[in-house]
$ cat model-v5.tsv   # TSV, C-alpha atoms
chain	number	residue	atom	x	y	z
C	1	MET	CA	3.56	-17.08	19.90
C	2	SER	CA	2.01	-13.91	18.48
C	3	LYS	CA	-1.69	-13.28	18.59
C	4	LEU	CA	-2.79	-12.21	15.14
C	5	GLU	CA	-5.80	-9.94	14.77
C	6	GLN	CA	-7.92	-10.37	11.66
C	7	THR	CA	-8.80	-6.96	10.22
C	8	TRP	CA	-10.53	-5.50	7.18
C	9	ARG	CA	-9.97	-2.31	5.21
C	10	TRP	CA	-13.06	-0.10	5.20
C	11	TYR	CA	-13.37	3.15	3.26
C	12	GLY	CA	-15.85	4.77	5.59
C	13	PRO	CA	-19.61	5.35	5.54
C	14	ASP	CA	-19.73	5.50	1.72
C	15	ASP	CA	-17.97	2.15	1.27
C	16	PRO	CA	-20.32	-0.31	-0.50
C	17	VAL	CA	-18.92	-2.95	1.86
C	18	THR	CA	-20.54	-2.04	5.17
C	19	LEU	CA	-19.41	-2.60	8.73
C	20	ASN	CA	-22.16	-5.19	9.05
C	21	HIS	CA	-20.63	-7.02	6.09
C	22	VAL	CA	-17.26	-6.89	7.83
C	23	ARG	CA	-18.68	-8.49	10.97
C	24	GLN	CA	-20.22	-11.23	8.86
C	25	ALA	CA	-16.84	-11.84	7.25
C	26	GLY	CA	-15.44	-12.59	10.71
C	27	ALA	CA	-12.94	-9.76	11.08
C	28	THR	CA	-12.76	-8.02	14.44
C	29	GLY	CA	-10.64	-4.99	13.54
C	30	ILE	CA	-11.15	-2.15	11.09
C	31	VAL	CA	-8.43	-0.53	9.01
C	32	THR	CA	-9.60	2.87	7.81
C	33	ALA	CA	-8.83	6.58	7.52
C	34	LEU	CA	-10.58	9.93	7.29
C	35	HIS	CA	-10.61	9.99	3.50
C	36	HIS	CA	-12.84	13.06	3.44
C	37	ILE	CA	-10.15	15.23	5.06
C	38	PRO	CA	-7.99	16.82	2.31
C	39	ILE	CA	-4.39	15.69	2.20
C	40	GLY	CA	-2.26	18.10	4.21
C	41	GLU	CA	-5.02	19.22	6.58
C	42	VAL	CA	-5.08	18.40	10.28
C	43	TRP	CA	-7.35	15.55	11.32
C	44	PRO	CA	-9.75	17.18	13.81
C	45	LEU	CA	-10.13	15.39	17.14
C	46	GLU	CA	-13.91	15.33	16.81
C	47	GLU	CA	-13.76	13.69	13.37
C	48	ILE	CA	-11.47	10.93	14.66
C	49	GLU	CA	-13.75	10.33	17.63
C	50	LYS	CA	-16.81	10.29	15.38
C	51	ARG	CA	-15.31	7.62	13.11
C	52	LYS	CA	-14.15	5.58	16.08
C	53	SER	CA	-17.63	5.69	17.64
C	54	ILE	CA	-19.27	4.48	14.42
C	55	ILE	CA	-16.90	1.52	14.27
C	56	GLU	CA	-17.31	0.60	17.93
C	57	ALA	CA	-21.11	0.87	17.70
C	58	SER	CA	-20.90	-1.96	15.15
C	59	GLY	CA	-19.08	-4.22	17.60
C	60	LEU	CA	-15.70	-3.71	15.94
C	61	ARG	CA	-12.58	-1.76	16.84
C	62	TRP	CA	-10.47	0.68	14.89
C	63	SER	CA	-7.21	-1.29	14.86
C	64	VAL	CA	-5.11	0.52	12.25
C	65	ILE	CA	-5.18	3.87	10.51
C	66	GLU	CA	-4.48	3.43	6.79
C	67	SER	CA	-3.51	5.99	6.06
C	68	LEU	CA	-2.62	9.53	7.04
C	69	PRO	CA	-1.22	10.61	3.65
C	70	VAL	CA	2.05	12.51	3.41
C	71	HIS	CA	1.69	15.67	1.30
C	72	GLU	CA	3.69	15.78	-1.93
C	73	ASP	CA	5.45	18.97	-0.80
C	74	VAL	CA	6.87	17.00	2.12
C	75	LYS	CA	8.17	14.29	-0.19
C	76	THR	CA	9.84	16.79	-2.53
C	77	GLN	CA	10.71	19.31	0.22
C	78	THR	CA	9.22	22.15	-1.78
C	79	GLY	CA	6.55	24.77	-1.15
C	80	ASP	CA	5.05	24.72	2.35
C	81	PHE	CA	6.51	21.35	3.29
C	82	GLN	CA	7.31	22.38	6.88
C	83	VAL	CA	3.75	23.58	7.37
C	84	TYR	CA	2.47	20.20	6.20
C	85	ILE	CA	4.87	18.38	8.53
C	86	ASP	CA	3.63	20.47	11.46
C	87	ARG	CA	0.05	19.61	10.51
C	88	TYR	CA	1.01	15.95	10.32
C	89	LYS	CA	2.38	16.17	13.85
C	90	ALA	CA	-0.83	17.85	15.03
C	91	SER	CA	-2.82	15.00	13.50
C	92	LEU	CA	-0.62	12.48	15.31
C	93	GLU	CA	-1.35	14.21	18.60
C	94	ASN	CA	-5.09	14.01	17.97
C	95	ILE	CA	-4.79	10.38	16.91
C	96	GLY	CA	-2.94	9.60	20.14
C	97	LYS	CA	-5.63	11.30	22.22
C	98	CYS	CA	-8.15	8.90	20.70
C	99	GLY	CA	-6.10	5.87	21.71
C	100	LEU	CA	-5.25	4.72	18.19
C	101	GLN	CA	-1.84	3.06	18.15
C	102	ILE	CA	-0.88	1.89	14.64
C	103	LEU	CA	-0.53	4.11	11.58
C	104	CYS	CA	0.18	2.66	8.13
C	105	TYR	CA	1.42	5.24	5.63
C	106	ASN	CA	3.57	5.39	2.51
C	107	PHE	CA	6.21	7.66	1.07
C	108	MET	CA	5.73	6.61	-2.56
C	109	PRO	CA	6.18	9.56	-4.93
C	110	ALA	CA	3.18	10.90	-6.88
C	111	LEU	CA	1.03	7.77	-6.70
C	112	ASP	CA	-0.10	5.06	-4.35
C	113	TRP	CA	-0.02	1.51	-5.76
C	114	THR	CA	-0.05	1.35	-9.56
C	115	ARG	CA	-1.50	-1.23	-11.94
C	116	THR	CA	-2.11	-1.47	-15.69
C	117	SER	CA	-5.37	-3.44	-15.34
C	118	LEU	CA	-7.98	-3.33	-12.60
C	119	ASN	CA	-10.12	-6.11	-14.08
C	120	GLU	CA	-7.75	-8.65	-15.61
C	121	PRO	CA	-9.63	-11.85	-16.52
C	122	PHE	CA	-8.50	-14.71	-14.28
C	123	SER	CA	-8.60	-18.41	-15.10
C	124	ASP	CA	-11.60	-19.12	-12.85
C	125	GLY	CA	-13.81	-16.36	-14.29
C	126	SER	CA	-13.04	-13.75	-11.63
C	127	THR	CA	-10.98	-10.64	-12.35
C	128	ALA	CA	-7.76	-9.46	-10.72
C	129	LEU	CA	-5.37	-6.52	-10.58
C	130	LYS	CA	-2.36	-6.76	-12.89
C	131	PHE	CA	0.86	-4.89	-13.59
C	132	ASP	CA	2.38	-5.43	-17.04
C	133	ILE	CA	5.71	-3.71	-17.66
C	134	GLN	CA	5.26	-3.73	-21.45
C	135	LEU	CA	1.86	-2.07	-21.20
C	136	PHE	CA	3.23	0.37	-18.64
C	137	ALA	CA	6.08	1.23	-21.00
C	138	ALA	CA	3.56	1.85	-23.78
C	139	PHE	CA	1.86	4.37	-21.51
C	140	ASP	CA	5.12	5.94	-20.34
C	141	ILE	CA	6.76	6.30	-23.78
C	142	HIS	CA	3.83	6.86	-26.14
C	143	ILE	CA	0.94	8.29	-24.07
C	144	LEU	CA	2.62	10.19	-21.26
C	145	GLN	CA	5.61	10.88	-23.54
C	146	ARG	CA	7.89	11.38	-20.57
C	147	THR	CA	11.27	12.78	-21.52
C	148	GLY	CA	13.92	10.06	-21.32
C	149	ALA	CA	11.43	7.24	-20.84
C	150	ASP	CA	12.79	5.30	-23.80
C	151	ARG	CA	16.21	5.13	-22.10
C	152	GLU	CA	14.85	3.31	-19.04
C	153	TYR	CA	13.56	0.11	-20.64
C	154	SER	CA	15.25	-2.75	-22.43
C	155	GLN	CA	15.13	-2.79	-26.22
C	156	GLU	CA	12.80	-5.79	-26.11
C	157	ILE	CA	10.30	-3.99	-23.87
C	158	ILE	CA	10.49	-0.85	-26.02
C	159	GLU	CA	9.70	-2.86	-29.14
C	160	GLN	CA	6.81	-4.71	-27.50
C	161	ALA	CA	5.47	-1.44	-26.06
C	162	GLY	CA	5.48	0.08	-29.53
C	163	ILE	CA	3.50	-2.85	-30.93
C	164	LEU	CA	0.99	-2.67	-28.09
C	165	TYR	CA	0.51	1.07	-28.52
C	166	LYS	CA	0.08	0.77	-32.29
C	167	ASN	CA	-2.79	-1.67	-31.77
C	168	MET	CA	-4.57	0.39	-29.12
C	169	SER	CA	-7.91	2.01	-29.86
C	170	PRO	CA	-8.75	5.45	-28.41
C	171	ASN	CA	-10.83	3.66	-25.77
C	172	ASP	CA	-7.89	1.42	-24.89
C	173	ILE	CA	-5.67	4.46	-24.44
C	174	GLU	CA	-8.24	6.23	-22.29
C	175	GLU	CA	-8.78	3.16	-20.09
C	176	LEU	CA	-5.06	2.54	-19.58
C	177	THR	CA	-4.47	6.20	-18.77
C	178	SER	CA	-7.28	6.37	-16.23
C	179	THR	CA	-6.12	3.11	-14.63
C	180	ILE	CA	-2.58	4.37	-14.09
C	181	VAL	CA	-3.21	8.02	-13.19
C	182	ALA	CA	-6.55	7.76	-11.42
C	183	GLY	CA	-5.02	8.77	-8.10
C	184	LEU	CA	-5.54	7.26	-4.68
C	185	PRO	CA	-8.24	4.69	-3.81
C	186	GLY	CA	-10.93	5.93	-1.45
C	187	THR	CA	-10.22	9.63	-2.00
C	188	ASP	CA	-11.54	12.38	-4.23
C	189	GLN	CA	-8.06	13.03	-5.67
C	190	HIS	CA	-7.91	12.32	-9.39
C	191	PHE	CA	-5.25	13.16	-11.95
C	192	GLY	CA	-5.66	14.06	-15.59
C	193	LEU	CA	-2.69	13.57	-17.89
C	194	PRO	CA	-1.43	17.20	-17.60
C	195	GLU	CA	-1.67	17.10	-13.79
C	196	PHE	CA	0.10	13.76	-13.76
C	197	ARG	CA	2.95	15.13	-15.88
C	198	ASN	CA	3.30	18.02	-13.45
C	199	ALA	CA	3.33	15.64	-10.47
C	200	ILE	CA	6.12	13.60	-12.06
C	201	GLU	CA	8.09	16.71	-13.04
C	202	LYS	CA	8.32	17.80	-9.38
C	203	TYR	CA	10.67	14.87	-8.78
C	204	ARG	CA	13.15	15.87	-11.45
C	205	GLY	CA	16.60	15.91	-9.87
C	206	ILE	CA	15.54	13.87	-6.82
C	207	ASP	CA	17.36	10.55	-6.90
C	208	GLU	CA	17.07	7.74	-4.34
C	209	HIS	CA	19.85	9.16	-2.16
C	210	LYS	CA	18.29	12.60	-1.97
C	211	TYR	CA	14.87	11.07	-1.45
C	212	ARG	CA	16.17	9.09	1.52
C	213	ASP	CA	17.37	12.38	2.99
C	214	HIS	CA	13.81	13.68	2.67
C	215	VAL	CA	12.47	10.55	4.36
C	216	LYS	CA	15.05	10.89	7.14
C	217	TYR	CA	14.04	14.48	7.79
C	218	PHE	CA	10.37	13.48	7.92
C	219	LEU	CA	11.12	10.70	10.40
C	220	GLU	CA	13.21	13.01	12.58
C	221	GLN	CA	10.24	15.37	12.74
C	222	VAL	CA	7.37	12.92	13.30
C	223	ILE	CA	8.69	9.84	15.13
C	224	PRO	CA	9.30	11.72	18.42
C	225	VAL	CA	5.67	12.90	18.27
C	226	ALA	CA	4.48	9.38	17.45
C	227	ARG	CA	6.49	8.00	20.38
C	228	ALA	CA	5.12	10.61	22.77
C	229	ASN	CA	1.59	9.65	21.75
C	230	GLY	CA	2.03	5.88	21.76
C	231	ILE	CA	1.72	5.47	17.97
C	232	LYS	CA	3.66	2.88	15.98
C	233	MET	CA	4.25	4.16	12.45
C	234	ALA	CA	4.42	1.46	9.79
C	235	ILE	CA	5.61	2.45	6.34
C	236	HIS	CA	4.27	0.52	3.34
C	237	PRO	CA	6.76	-0.77	0.74
C	238	ASP	CA	6.85	0.44	-2.85
C	239	ASP	CA	4.11	-1.03	-5.03
C	240	PRO	CA	5.12	-2.18	-7.56
C	241	PRO	CA	8.63	-2.65	-6.15
C	242	TYR	CA	10.38	-1.55	-9.33
C	243	ASP	CA	11.74	1.70	-10.75
C	244	ILE	CA	8.90	3.39	-12.65
C	245	LEU	CA	8.47	6.79	-14.31
C	246	GLY	CA	11.98	7.84	-13.28
C	247	LEU	CA	10.72	8.19	-9.70
C	248	PRO	CA	12.80	7.29	-6.63
C	249	ARG	CA	11.96	3.96	-4.96
C	250	ILE	CA	13.29	3.31	-1.49
C	251	ILE	CA	11.56	0.25	0.02
C	252	SER	CA	11.52	-2.58	-2.49
C	253	ASP	CA	13.78	-5.27	-1.03
C	254	GLU	CA	15.32	-6.37	2.25
C	255	GLN	CA	18.36	-4.08	1.97
C	256	ASP	CA	16.02	-1.14	1.44
C	257	VAL	CA	14.24	-2.06	4.67
C	258	ARG	CA	17.53	-2.19	6.57
C	259	ASP	CA	18.50	1.19	5.16
C	260	PHE	CA	15.12	2.70	6.03
C	261	LEU	CA	15.09	1.45	9.61
C	262	SER	CA	18.62	2.77	10.10
C	263	LEU	CA	17.48	6.29	9.20
C	264	TYR	CA	15.77	6.58	12.60
C	265	PRO	CA	16.22	3.54	14.85
C	266	ASP	CA	13.18	3.48	17.12
C	267	GLN	CA	10.45	0.97	17.90
C	268	HIS	CA	7.88	3.53	16.72
C	269	ASN	CA	9.52	3.67	13.29
C	270	GLY	CA	8.44	0.41	11.71
C	271	LEU	CA	7.07	-1.47	8.76
C	272	THR	CA	3.84	-2.59	7.17
C	273	PHE	CA	4.90	-5.98	5.83
C	274	CYS	CA	3.08	-6.37	2.50
C	275	THR	CA	3.57	-9.84	1.03
C	276	GLY	CA	2.20	-8.67	-2.31
C	277	SER	CA	4.62	-5.79	-2.73
C	278	PHE	CA	7.70	-7.64	-1.51
C	279	GLY	CA	6.57	-10.85	-3.24
C	280	ALA	CA	6.58	-9.21	-6.68
C	281	ARG	CA	10.38	-9.17	-6.48
C	282	LEU	CA	11.34	-12.82	-6.76
C	283	GLU	CA	14.69	-12.29	-5.02
C	284	ASN	CA	12.92	-11.31	-1.77
C	285	GLU	CA	12.79	-14.23	0.69
C	286	LEU	CA	9.70	-13.25	2.66
C	287	PRO	CA	9.92	-15.73	5.58
C	288	ASP	CA	13.53	-14.69	6.18
C	289	MET	CA	12.54	-11.02	6.02
C	290	ILE	CA	9.81	-11.55	8.62
C	291	GLU	CA	12.32	-13.21	10.93
C	292	GLU	CA	14.89	-10.44	10.48
C	293	PHE	CA	12.51	-7.50	10.84
C	294	ALA	CA	10.10	-9.04	13.38
C	295	GLU	CA	10.57	-6.31	15.97
C	296	SER	CA	9.78	-3.60	13.41
C	297	ILE	CA	6.70	-5.20	11.80
C	298	HIS	CA	3.62	-3.49	13.21
C	299	PHE	CA	1.02	-4.40	10.57
C	300	VAL	CA	0.71	-7.01	7.83
C	301	HIS	CA	-0.92	-7.06	4.38
C	302	LEU	CA	-1.41	-10.60	3.08
C	303	ARG	CA	-1.86	-11.19	-0.63
C	304	ASN	CA	-0.13	-13.19	-3.33
C	305	VAL	CA	1.12	-12.48	-6.82
C	306	SER	CA	2.28	-14.59	-9.76
C	307	ASN	CA	4.95	-13.25	-12.10
C	308	SER	CA	4.54	-14.07	-15.78
C	309	GLY	CA	7.74	-12.26	-16.74
C	310	PRO	CA	10.23	-9.69	-15.44
C	311	LYS	CA	8.30	-6.90	-13.69
C	312	THR	CA	4.94	-8.33	-14.78
C	313	PHE	CA	2.57	-9.91	-12.28
C	314	VAL	CA	-1.08	-10.65	-11.60
C	315	GLU	CA	-2.61	-10.75	-8.12
C	316	ASP	CA	-3.29	-14.41	-7.46
C	317	ASN	CA	-5.51	-16.16	-4.92
C	318	HIS	CA	-4.21	-15.66	-1.40
C	319	LEU	CA	-2.79	-19.17	-1.03
C	320	GLU	CA	-1.39	-19.39	-4.56
C	321	GLY	CA	1.45	-17.55	-6.30
C	322	ASN	CA	5.05	-16.63	-5.59
C	323	THR	CA	4.73	-16.50	-1.81
C	324	ASP	CA	4.61	-19.57	0.40
C	325	MET	CA	1.79	-18.29	2.59
C	326	TYR	CA	2.14	-21.26	4.94
C	327	GLU	CA	5.70	-20.24	5.81
C	328	VAL	CA	4.68	-16.57	6.06
C	329	ILE	CA	1.84	-17.26	8.53
C	330	LYS	CA	4.05	-19.65	10.49
C	331	LYS	CA	6.75	-16.99	10.84
C	332	LEU	CA	4.15	-14.42	11.93
C	333	ILE	CA	2.78	-16.80	14.56
C	334	ASP	CA	6.30	-17.53	15.83
C	335	MET	CA	7.01	-13.83	16.35
C	336	LYS	CA	7.05	-12.88	20.02
C	337	LYS	CA	4.90	-9.76	20.23
C	338	ASP	CA	3.65	-8.18	23.45
C	339	HIS	CA	0.55	-6.95	21.60
C	340	ASP	CA	-1.85	-8.17	18.91
C	341	LEU	CA	-0.39	-8.05	15.41
C	342	PRO	CA	-3.12	-6.99	12.96
C	343	TYR	CA	-3.23	-8.42	9.46
C	344	ARG	CA	-5.75	-8.03	6.69
C	345	PRO	CA	-6.50	-9.81	3.43
C	346	ASP	CA	-5.02	-7.34	0.98
C	347	HIS	CA	-7.00	-6.94	-2.21
C	348	GLY	CA	-9.12	-9.74	-3.56
C	349	HIS	CA	-10.50	-10.93	-6.83
C	350	ARG	CA	-13.72	-9.52	-8.16
C	351	MET	CA	-16.02	-12.52	-8.29
C	352	LEU	CA	-19.62	-13.75	-8.12
C	353	ASP	CA	-22.11	-10.93	-7.50
C	354	ASP	CA	-19.33	-8.36	-7.17
C	355	LEU	CA	-18.60	-8.65	-10.89
C	356	SER	CA	-21.70	-6.54	-11.52
C	357	LYS	CA	-21.26	-4.09	-8.63
C	358	LYS	CA	-19.34	-0.86	-8.27
C	359	VAL	CA	-16.44	-1.50	-5.92
C	360	ASN	CA	-13.12	0.07	-4.94
C	361	PRO	CA	-10.47	-1.70	-7.08
C	362	GLY	CA	-9.09	-4.62	-5.13
C	363	TYR	CA	-11.53	-4.10	-2.28
C	364	SER	CA	-14.67	-5.97	-3.24
C	365	ALA	CA	-16.39	-7.96	-0.51
C	366	ILE	CA	-16.45	-11.53	-1.77
C	367	GLY	CA	-12.85	-11.79	-2.98
C	368	ARG	CA	-11.55	-10.54	0.35
C	369	LEU	CA	-14.02	-12.76	2.19
C	370	ARG	CA	-12.49	-15.76	0.39
C	371	GLY	CA	-9.01	-14.51	1.19
C	372	LEU	CA	-9.74	-13.98	4.88
C	373	ALA	CA	-11.39	-17.40	5.15
C	374	GLU	CA	-8.36	-19.07	3.57
C	375	LEU	CA	-5.92	-17.18	5.78
C	376	ARG	CA	-7.96	-17.84	8.91
C	377	GLY	CA	-8.07	-21.56	8.13
C	378	LEU	CA	-4.35	-21.65	7.44
C	379	GLU	CA	-3.61	-19.89	10.70
C	380	LEU	CA	-5.83	-22.28	12.66
C	381	GLY	CA	-4.20	-25.32	11.04
C	382	ILE	CA	-0.71	-24.09	11.87
C	383	ARG	CA	-1.64	-23.33	15.47
C	384	ARG	CA	-3.29	-26.73	15.94
C	385	SER	CA	-0.27	-28.51	14.49
C	386	GLN	CA	1.97	-26.74	17.02
C	387	SER	CA	-0.16	-27.47	20.09

$ encode --input "model-v5.tsv" --output "structure tokens"
Amino acid sequence: MSKLEQTWRWYGPDDPVTLNHVRQAGATGIVTALHHIPIGEVWPLEEIEKRKSIIEASGLRWSVIESLPVHEDVKTQTGDFQVYIDRYKASLENIGKCGLQILCYNFMPALDWTRTSLNEPFSDGSTALKFDIQLFAAFDIHILQRTGADREYSQEIIEQAGILYKNMSPNDIEELTSTIVAGLPGTDQHFGLPEFRNAIEKYRGIDEHKYRDHVKYFLEQVIPVARANGIKMAIHPDDPPYDILGLPRIISDEQDVRDFLSLYPDQHNGLTFCTGSFGARLENELPDMIEEFAESIHFVHLRNVSNSGPKTFVEDNHLEGNTDMYEVIKKLIDMKKDHDLPYRPDHGHRMLDDLSKKVNPGYSAIGRLRGLAELRGLELGIRRSQS
């Protein structure tokens, strides 16, 4: 049976959720990154050591790096992309020197995860993250005014998007725009609408096949360095796992995972298994995917979603929603790993005192505390039932 390590995402010294809070939540591992280092720059050895020392002084360990971002020039293979790849490799070498062994990253174009609401009212009075395809289409067609957007949605969605947009106030438009194009959580990178249009435009002419070629080249460059430095790289799936904004999506279902792993077969080229991302596509059978890709899963994000329609979902409580979390945890426990497999409660509802606090979207303390407690109890129950 696998030993699962309970971890917690921490955004560094400025995170309102402190390392002391993390210890009180019961996690033993920290998932973090050097968010203050600009994307594309080398992570200095001394900065990695400094962050590691802060974590260890709190009685915790730095279990996973999430993430070392891939520069947009690398994804599009434009500009100084080879320079940025070489810097990425230099960062991997410094990471290896510090003894860090798991790196979660993504190759999603232009944006990290995307939602249409960061504070969607939930039935119990908390708030959740939500993705609504009709609202997203209203942004894409009427606010962003992306060329060809109206050819990529069904007639029903186009009609509903038009109604939604017609009833939006200027404040509604501003809030939706900032929610979608705000940039990456935990960083100082923020898009305005013109910058966002430019970011999308860079992918014109890059379809999924060409994008896979770019991913393959990246893997051929970095995986040998990761292997030499004892680092397991774990790519995060697309979030949401649907075609959006005309951008290429390459890891949304189980066939995508097979195709990705075949680009560079190596134990150091692996997967962050995100139950929320994969679970938003109802055709994905998550327990079966865990069994098939067990050897390539190096890190796990555990969260749940409930779909209220095609390509529309809200982030549910961790034990409720599309995903049978019992079967997921059972499959993870049954995996035969020769090392600890870290997992973290991914996102959490904004609830109780956190409703009035400034928090990173999805990363409030109390919602994740509830999630971790539920997952920890589920894991214990499964283990006891098997003993």

$ residues_around --input "model-v5.tsv" --residues "Val225 (chain C)" --least-positions-apart "6" --cutoff "9 Å" --atoms "only C-alpha atoms" --output "list of chain:residue names"
C:Lys89, C:Ala90, C:Leu92, C:Glu93, C:Ile231

$ residues_around --input "model-v5.tsv" --residues "Ile157 (chain C)" --least-positions-apart "5" --cutoff "8 Å" --atoms "all atoms listed in the file" --output "PyMOL selection string"
chain C and resi 133-134+137

$ closest_residue --input "model-v5.tsv" --among "C:Lys311, C:Ala226, C:Asp207, C:Val300" --to "Trp8 (chain C)" --atoms "only C-alpha atoms"
C:Val300

$ residues_around --input "model-v5.tsv" --residues "region 343-356 of chain C" --least-positions-apart "4" --cutoff "9 Å" --atoms "only C-alpha atoms" --output "number ranges by chain"
C: 4-9, 27, 29, 31, 119, 122, 125-129, 274-276, 299-304, 315-318, 361-372, 375

$ residues_around --input "model-v5.tsv" --residues "Thr179 (chain C)" --least-positions-apart "3" --cutoff "12 Å" --atoms "all atoms listed in the file" --output "PDB file with C-alpha atoms, in the frame of the given file"
ATOM      1  CA  LEU C 111       1.030   7.770  -6.700  1.00  0.00           C
ATOM      2  CA  TRP C 113      -0.020   1.510  -5.760  1.00  0.00           C
ATOM      3  CA  THR C 114      -0.050   1.350  -9.560  1.00  0.00           C
ATOM      4  CA  ARG C 115      -1.500  -1.230 -11.940  1.00  0.00           C
ATOM      5  CA  THR C 116      -2.110  -1.470 -15.690  1.00  0.00           C
ATOM      6  CA  SER C 117      -5.370  -3.440 -15.340  1.00  0.00           C
ATOM      7  CA  LEU C 118      -7.980  -3.330 -12.600  1.00  0.00           C
ATOM      8  CA  ASN C 119     -10.120  -6.110 -14.080  1.00  0.00           C
ATOM      9  CA  GLU C 120      -7.750  -8.650 -15.610  1.00  0.00           C
ATOM     10  CA  LEU C 129      -5.370  -6.520 -10.580  1.00  0.00           C
ATOM     11  CA  LYS C 130      -2.360  -6.760 -12.890  1.00  0.00           C
ATOM     12  CA  PHE C 131       0.860  -4.890 -13.590  1.00  0.00           C
ATOM     13  CA  LEU C 135       1.860  -2.070 -21.200  1.00  0.00           C
ATOM     14  CA  PHE C 136       3.230   0.370 -18.640  1.00  0.00           C
ATOM     15  CA  PHE C 139       1.860   4.370 -21.510  1.00  0.00           C
ATOM     16  CA  ASP C 172      -7.890   1.420 -24.890  1.00  0.00           C
ATOM     17  CA  ILE C 173      -5.670   4.460 -24.440  1.00  0.00           C
ATOM     18  CA  GLU C 174      -8.240   6.230 -22.290  1.00  0.00           C
ATOM     19  CA  GLU C 175      -8.780   3.160 -20.090  1.00  0.00           C
ATOM     20  CA  LEU C 176      -5.060   2.540 -19.580  1.00  0.00           C
ATOM     21  CA  ALA C 182      -6.550   7.760 -11.420  1.00  0.00           C
ATOM     22  CA  GLY C 183      -5.020   8.770  -8.100  1.00  0.00           C
ATOM     23  CA  LEU C 184      -5.540   7.260  -4.680  1.00  0.00           C
ATOM     24  CA  PRO C 185      -8.240   4.690  -3.810  1.00  0.00           C
ATOM     25  CA  HIS C 190      -7.910  12.320  -9.390  1.00  0.00           C
ATOM     26  CA  PHE C 191      -5.250  13.160 -11.950  1.00  0.00           C
ATOM     27  CA  GLY C 192      -5.660  14.060 -15.590  1.00  0.00           C
ATOM     28  CA  LEU C 193      -2.690  13.570 -17.890  1.00  0.00           C
ATOM     29  CA  PRO C 361     -10.470  -1.700  -7.080  1.00  0.00           C
TER      30      PRO C 361
END

$ closest_residue --input "model-v5.tsv" --among "C:Gln386, C:Asn360, C:Asn167, C:Thr76" --to "Asp213 (chain C)" --atoms "only C-alpha atoms"
C:Thr76

$ atom_distance --input "model-v5.tsv" --atom1 "CA of Asp14 (chain C)" --atom2 "CA of Asp340 (chain C)"
28.3 Å

$ atom_distance --input "model-v5.tsv" --atom1 "CA of Ile158 (chain C)" --atom2 "CA of Asp140 (chain C)"
10.4 Å

$ closest_residue --input "model-v5.tsv" --among "C:Pro265, C:Pro310, C:Gly205, C:Gly26" --to "Pro248 (chain C)" --atoms "all atoms listed in the file"
C:Gly205

$ residues_around --input "model-v5.tsv" --residues "Tyr105 (chain C)" --least-positions-apart "2" --cutoff "10 Å" --atoms "only C-alpha atoms" --output "ChimeraX atom specification"
/C:65-70,102-103,107-108,233-237,271-272

$ closest_residue --input "model-v5.tsv" --among "C:Pro13, C:Gly99, C:Pro170, C:Pro44" --to "Ser63 (chain C)" --atoms "all atoms listed in the file"
C:Gly99

$ residues_near_point --input "model-v5.tsv" --point "(11.1, 10.1, 0.4)" --cutoff "9 Å" --atoms "all atoms listed in the file" --output "ChimeraX atom specification"
/C:74-76,107-109,208,210-216,218,248-250

$ closest_residue --input "model-v5.tsv" --among "C:Glu152, C:Glu295, C:Asp112, C:Asp324" --to "Ser2 (chain C)" --atoms "only C-alpha atoms"
C:Glu295

$ closest_residue --input "model-v5.tsv" --among "C:Thr323, C:Gln77, C:Ser387, C:Asn20" --to "Ile206 (chain C)" --atoms "only C-alpha atoms"
C:Gln77
